[in-house]
Amino acid sequence: MSFENWDEIRTAYQVARVGTVSGAAEVLGVHHATVIRHVDALEERLGTRLFQRHPRGYTPTEAGLQLLAVGQATEDQFSQLAARIAGAGAEISGELIITSLPTLSGLVVPALARLMVEHPALKLRYLTDQRVFRLEYGEAHVAIRAGARPTEPDNVVQPLGTNHMALYASADYLDRMGRPAGIGDLGGHRFIGADTRESRAPFYRWLAETQPAEAVVFRANEPESTEAAIHSGIGLGFLPVLQAQNDPRLIEVIAPIPEWDSAIWLVTHVDLHRTPKVQAALAALKGVAQECGALAAEGGA
């Protein structure tokens with residue numbers, strides 16, 4: 001059989017996603033009777049039940065779950081197409097979405113401020129999160145990532161620099177515990193670590209390999225919490241130099257070492273990489289990276 005009535009499929013997808021006829025009707029902007037008619041017609045055409053009806057709503061059957069997966073993929077593809085069309089114009093204006101880890105905001109925000117001065121018609125969204133945003137689905141135009149080189153096949157990846165990490169403490173902590181003379185003088189000190197012992201960050205791997213587990217007395221899953229814990233005198237903690245260097249409350253105890261460094265990458269989708277506003281964003285980020293002492297990218301597409 002062929003799927004000839006896309007309205008029925010779209011309606012059934014929304015019922016599977018939302019779980020109720022009234023909710024799907026609200027999303028689609030149609031009467032609830034239309035939703036029921038579309039679902040009944042599609043089930044009849046397919047010769048199978050897509051939903052189990054009950055007083056609380058509609059629960060997808062196995063066939064309904066398959067339709068939900070296909071519908072989600074189709075919606076993602078349309079979102080991707082819309083993002084590509086929106087980003088393909090030659091004028092440097094409109095929305096531009098940049099994403100990075102929160103700890104890289106000391107590099108990214110000055111670059112975005114410069115970009116907005118040079119191109120005032122731009123509307124910027126800066127998204128910071130631990131998760132990886134999907135450029136292929138239009139979730140962002142430019143991603144700044146740290147760690148291993150990204151390997152997604154449809155992305156253009158350029159080196160931007162190096163994220164230098166140092167070990168910091170508050171004055172209150174050092175007054176209580178003393179200041180280490182160097183990296184070999186950390187015995188007896190208290191540390192702030194990652195929430196998981198399996199963290200892939202090189203500085204946390206170093207911490208796990210060189211310091212006893214009981215020395216890590218505070219664990220956090222967000223950079224803001226780590227910084228707050230350092231300010232509060234709980235222990236020694238790692239922060240990016242870019243983030244910490246202008247905070248007078250933070251004292252650098254151990255300067256960056258290569259083992260703690262991680263590479264910073266500029267990532268764009270191949271379909272949007274050459275658009276003027278993406279190129280303008282890349283130029284601004286590279287310029288600030290050079291000025292702030294990061295190892296700037298050489299060449300690149």
# chains A, B, ... in the order shown; residues from 1 in each chain; ligands from 1
$ select_by_dssp --residues "stretch 99-175 of chain A" --states "strand (DSSP E)" --output "list in words"
Thr99, Ser100, Leu122, Lys123, Leu124, Arg125, Tyr126, Leu127, Thr128, Val142, Ala143, Ile144, Arg145, Ala146, Asn155, Val156, Val157, Gln158, Pro159, Leu160, Gly161, Thr162, Asn163, Met165, Ala166, Leu167, Tyr168 and Ala169 of chain A
$ select_by_dssp --residues "stretch 45-79 of chain A" --states "helix (DSSP H, G or I)" --output "number ranges by chain"
A: 45-46, 62-79
$ write_last_selection --atoms "all heavy atoms" --output "compact mmCIF listing (two decimals), in the first residue's frame"
# COMPACT_ATOMS: atom_id res chain seq x y z
N ARG A 45 -7.06 1.87 6.66
CA ARG A 45 -6.24 1.71 5.45
C ARG A 45 -5.07 0.76 5.71
O ARG A 45 -4.70 -0.03 4.85
CB ARG A 45 -5.75 3.08 4.99
CG ARG A 45 -5.01 3.05 3.65
CD ARG A 45 -4.65 4.44 3.15
NE ARG A 45 -5.85 5.19 2.80
CZ ARG A 45 -6.36 6.20 3.47
NH1 ARG A 45 -5.77 6.60 4.60
NH2 ARG A 45 -7.45 6.80 3.09
N LEU A 46 -4.48 0.85 6.90
CA LEU A 46 -3.35 0.00 7.24
C LEU A 46 -3.77 -1.40 7.65
O LEU A 46 -2.96 -2.35 7.62
CB LEU A 46 -2.54 0.63 8.38
CG LEU A 46 -1.79 1.93 8.06
CD1 LEU A 46 -1.20 2.52 9.33
CD2 LEU A 46 -0.68 1.67 7.04
N GLU A 62 2.49 -1.32 19.07
CA GLU A 62 3.80 -1.47 18.44
C GLU A 62 3.84 -0.77 17.08
O GLU A 62 4.81 -0.09 16.74
CB GLU A 62 4.14 -2.95 18.28
CG GLU A 62 5.53 -3.20 17.70
CD GLU A 62 5.87 -4.67 17.63
OE1 GLU A 62 5.13 -5.49 18.20
OE2 GLU A 62 6.89 -5.01 16.99
N ALA A 63 2.74 -0.90 16.32
CA ALA A 63 2.67 -0.21 15.03
C ALA A 63 2.64 1.30 15.24
O ALA A 63 3.25 2.06 14.46
CB ALA A 63 1.43 -0.66 14.27
N GLY A 64 1.95 1.74 16.29
CA GLY A 64 1.91 3.17 16.58
C GLY A 64 3.26 3.73 16.95
O GLY A 64 3.61 4.85 16.59
N LEU A 65 4.05 2.94 17.68
CA LEU A 65 5.40 3.37 18.05
C LEU A 65 6.29 3.49 16.82
O LEU A 65 7.14 4.39 16.72
CB LEU A 65 6.01 2.40 19.05
CG LEU A 65 5.38 2.40 20.45
CD1 LEU A 65 5.97 1.28 21.31
CD2 LEU A 65 5.60 3.75 21.13
N GLN A 66 6.10 2.59 15.85
CA GLN A 66 6.85 2.70 14.59
C GLN A 66 6.48 3.97 13.85
O GLN A 66 7.34 4.66 13.30
CB GLN A 66 6.59 1.46 13.73
CG GLN A 66 7.14 0.17 14.31
CD GLN A 66 6.81 -1.03 13.46
OE1 GLN A 66 6.53 -0.91 12.28
NE2 GLN A 66 6.85 -2.21 14.06
N LEU A 67 5.19 4.30 13.84
CA LEU A 67 4.75 5.54 13.19
C LEU A 67 5.33 6.75 13.92
O LEU A 67 5.73 7.73 13.28
CB LEU A 67 3.23 5.60 13.18
CG LEU A 67 2.61 6.84 12.51
CD1 LEU A 67 1.38 6.44 11.70
CD2 LEU A 67 2.23 7.89 13.54
N LEU A 68 5.38 6.68 15.26
CA LEU A 68 5.94 7.79 16.04
C LEU A 68 7.40 8.03 15.66
O LEU A 68 7.84 9.18 15.49
CB LEU A 68 5.82 7.48 17.53
CG LEU A 68 6.43 8.51 18.50
CD1 LEU A 68 5.75 9.86 18.37
CD2 LEU A 68 6.34 8.00 19.94
N ALA A 69 8.18 6.95 15.52
CA ALA A 69 9.60 7.10 15.17
C ALA A 69 9.77 7.72 13.79
O ALA A 69 10.59 8.61 13.59
CB ALA A 69 10.28 5.73 15.23
N VAL A 70 8.96 7.26 12.82
CA VAL A 70 9.05 7.81 11.46
C VAL A 70 8.60 9.27 11.46
O VAL A 70 9.20 10.13 10.80
CB VAL A 70 8.21 6.97 10.49
CG1 VAL A 70 8.12 7.64 9.12
CG2 VAL A 70 8.81 5.58 10.34
N GLY A 71 7.54 9.56 12.21
CA GLY A 71 7.05 10.94 12.26
C GLY A 71 8.07 11.89 12.87
O GLY A 71 8.24 13.02 12.39
N GLN A 72 8.76 11.44 13.94
CA GLN A 72 9.79 12.28 14.56
C GLN A 72 10.92 12.55 13.59
O GLN A 72 11.42 13.67 13.48
CB GLN A 72 10.32 11.59 15.82
CG GLN A 72 11.37 12.41 16.57
CD GLN A 72 10.81 13.71 17.09
OE1 GLN A 72 9.92 13.71 17.93
NE2 GLN A 72 11.32 14.82 16.60
N ALA A 73 11.36 11.50 12.88
CA ALA A 73 12.45 11.69 11.91
C ALA A 73 12.04 12.65 10.81
O ALA A 73 12.82 13.50 10.37
CB ALA A 73 12.85 10.34 11.32
N THR A 74 10.79 12.54 10.36
CA THR A 74 10.31 13.44 9.30
C THR A 74 10.24 14.87 9.78
O THR A 74 10.64 15.81 9.07
CB THR A 74 8.91 12.97 8.83
OG1 THR A 74 8.99 11.62 8.39
CG2 THR A 74 8.41 13.85 7.69
N GLU A 75 9.74 15.07 11.02
CA GLU A 75 9.68 16.42 11.58
C GLU A 75 11.08 17.01 11.72
O GLU A 75 11.31 18.19 11.42
CB GLU A 75 8.99 16.39 12.93
CG GLU A 75 8.74 17.77 13.53
CD GLU A 75 7.88 17.70 14.76
OE1 GLU A 75 8.38 17.24 15.80
OE2 GLU A 75 6.71 18.12 14.71
N ASP A 76 12.04 16.19 12.15
CA ASP A 76 13.43 16.66 12.26
C ASP A 76 13.98 17.08 10.91
O ASP A 76 14.70 18.08 10.79
CB ASP A 76 14.31 15.56 12.86
CG ASP A 76 14.08 15.36 14.34
OD1 ASP A 76 13.48 16.24 14.97
OD2 ASP A 76 14.49 14.30 14.86
N GLN A 77 13.66 16.31 9.88
CA GLN A 77 14.15 16.65 8.54
C GLN A 77 13.57 17.98 8.06
O GLN A 77 14.27 18.79 7.45
CB GLN A 77 13.79 15.53 7.56
CG GLN A 77 14.56 14.24 7.78
CD GLN A 77 16.04 14.40 7.48
OE1 GLN A 77 16.42 15.10 6.55
NE2 GLN A 77 16.88 13.76 8.28
N PHE A 78 12.28 18.22 8.33
CA PHE A 78 11.69 19.50 7.94
C PHE A 78 12.31 20.66 8.73
O PHE A 78 12.54 21.75 8.18
CB PHE A 78 10.17 19.47 8.13
CG PHE A 78 9.42 18.83 7.00
CD1 PHE A 78 8.65 17.70 7.21
CD2 PHE A 78 9.49 19.35 5.72
CE1 PHE A 78 7.96 17.09 6.17
CE2 PHE A 78 8.80 18.77 4.67
CZ PHE A 78 8.03 17.64 4.88
N SER A 79 12.61 20.43 10.01
CA SER A 79 13.27 21.47 10.81
C SER A 79 14.66 21.77 10.26
O SER A 79 15.09 22.92 10.19
CB SER A 79 13.37 21.02 12.27
OG SER A 79 12.11 20.85 12.84
$ closest_residue --among "A:Ala140, A:Val157, A:Leu96, A:Val109" --to "A:Lys277" --atoms "only C-alpha atoms"
A:Leu96
$ residues_around --residues "A:Thr268" --least-positions-apart "2" --cutoff "10 Å" --atoms "only C-alpha atoms" --output "compact mmCIF listing (two decimals) with N, CA and C atoms, in the first residue's frame"
# COMPACT_ATOMS: atom_id res chain seq x y z
N ILE A 98 24.73 30.12 18.36
CA ILE A 98 26.07 29.65 18.72
C ILE A 98 25.94 28.79 19.97
N LEU A 135 23.91 19.93 14.73
CA LEU A 135 23.95 20.92 13.66
C LEU A 135 23.16 20.46 12.45
N GLU A 136 23.13 19.15 12.20
CA GLU A 136 22.43 18.64 11.02
C GLU A 136 20.93 18.82 11.12
N ALA A 140 21.85 24.55 15.90
CA ALA A 140 22.81 25.65 16.01
C ALA A 140 23.49 25.84 14.67
N HIS A 141 24.01 27.07 14.44
CA HIS A 141 24.77 27.36 13.22
C HIS A 141 26.26 27.09 13.42
N VAL A 142 26.77 27.44 14.63
CA VAL A 142 28.19 27.26 14.94
C VAL A 142 28.29 26.63 16.32
N ALA A 143 29.11 25.60 16.44
CA ALA A 143 29.36 24.98 17.74
C ALA A 143 30.83 25.12 18.09
N ILE A 144 31.12 25.48 19.34
CA ILE A 144 32.50 25.51 19.84
C ILE A 144 32.62 24.37 20.83
N ASP A 154 29.17 15.17 8.17
CA ASP A 154 28.66 16.32 7.42
C ASP A 154 29.07 17.66 8.03
N ASN A 155 29.99 17.64 8.98
CA ASN A 155 30.42 18.88 9.62
C ASN A 155 31.80 19.30 9.15
N VAL A 156 32.01 20.62 9.11
CA VAL A 156 33.33 21.19 8.85
C VAL A 156 33.95 21.51 10.20
N VAL A 157 35.13 20.97 10.46
CA VAL A 157 35.78 21.12 11.77
C VAL A 157 37.09 21.87 11.59
N GLN A 158 37.29 22.93 12.37
CA GLN A 158 38.52 23.71 12.34
C GLN A 158 39.06 23.88 13.76
N TRP A 265 37.49 23.35 19.22
CA TRP A 265 37.16 23.19 17.81
C TRP A 265 35.99 24.07 17.42
N LEU A 266 36.06 24.63 16.23
CA LEU A 266 34.92 25.29 15.60
C LEU A 266 34.25 24.28 14.68
N VAL A 270 28.21 21.49 6.83
CA VAL A 270 28.74 21.76 5.49
C VAL A 270 27.77 22.60 4.66
N ASP A 271 26.46 22.46 4.88
CA ASP A 271 25.49 23.20 4.08
C ASP A 271 25.44 24.68 4.43
N LEU A 272 25.86 25.05 5.64
CA LEU A 272 25.80 26.44 6.08
C LEU A 272 27.17 27.08 6.25
N HIS A 273 28.21 26.29 6.13
CA HIS A 273 29.56 26.76 6.45
C HIS A 273 29.94 28.01 5.66
N ARG A 274 29.59 28.08 4.38
CA ARG A 274 30.00 29.20 3.51
C ARG A 274 29.05 30.39 3.56
N VAL A 278 27.65 32.88 8.99
CA VAL A 278 28.47 31.87 9.65
C VAL A 278 29.94 32.22 9.51
N GLN A 279 30.36 32.66 8.32
CA GLN A 279 31.75 33.05 8.12
C GLN A 279 32.12 34.25 9.00
N LEU A 282 32.69 32.93 12.52
CA LEU A 282 33.97 32.23 12.61
C LEU A 282 35.13 33.22 12.69
$ closest_atom_pairs --of "stretch 51-135 of chain A" --to "stretch 226-240 of chain A" --cutoff "12 Å" --atoms "only C-alpha atoms" --output "JSON lines"
{"residue": "A:Leu101", "atom": "CA", "partner": "A:Pro240", "partner_atom": "CA", "distance": 11.4}
{"residue": "A:Pro102", "atom": "CA", "partner": "A:Pro240", "partner_atom": "CA", "distance": 10.5}
{"residue": "A:Thr103", "atom": "CA", "partner": "A:Pro240", "partner_atom": "CA", "distance": 6.7}
{"residue": "A:Leu104", "atom": "CA", "partner": "A:Pro240", "partner_atom": "CA", "distance": 7.8}
{"residue": "A:Ser105", "atom": "CA", "partner": "A:Pro240", "partner_atom": "CA", "distance": 10.1}
{"residue": "A:Gly106", "atom": "CA", "partner": "A:Pro240", "partner_atom": "CA", "distance": 8.9}
{"residue": "A:Leu107", "atom": "CA", "partner": "A:Pro240", "partner_atom": "CA", "distance": 10.3}
$ write_last_selection --atoms "C-alpha atoms" --output "PDB file, in the first residue's frame"
ATOM      1  CA  LEU A 101      30.250  24.445  26.877  1.00  0.00           C
ATOM      2  CA  PRO A 102      29.552  26.970  29.674  1.00  0.00           C
ATOM      3  CA  THR A 103      33.270  27.118  30.552  1.00  0.00           C
ATOM      4  CA  LEU A 104      34.098  28.604  27.142  1.00  0.00           C
ATOM      5  CA  SER A 105      31.896  31.688  27.573  1.00  0.00           C
ATOM      6  CA  GLY A 106      34.969  33.800  28.422  1.00  0.00           C
ATOM      7  CA  LEU A 107      36.115  33.277  24.835  1.00  0.00           C
TER       8      LEU A 107
END
$ closest_residue --among "A:Phe133, A:Tyr173, A:Phe191, A:Tyr126" --to "A:Leu207" --atoms "only C-alpha atoms"
A:Phe191
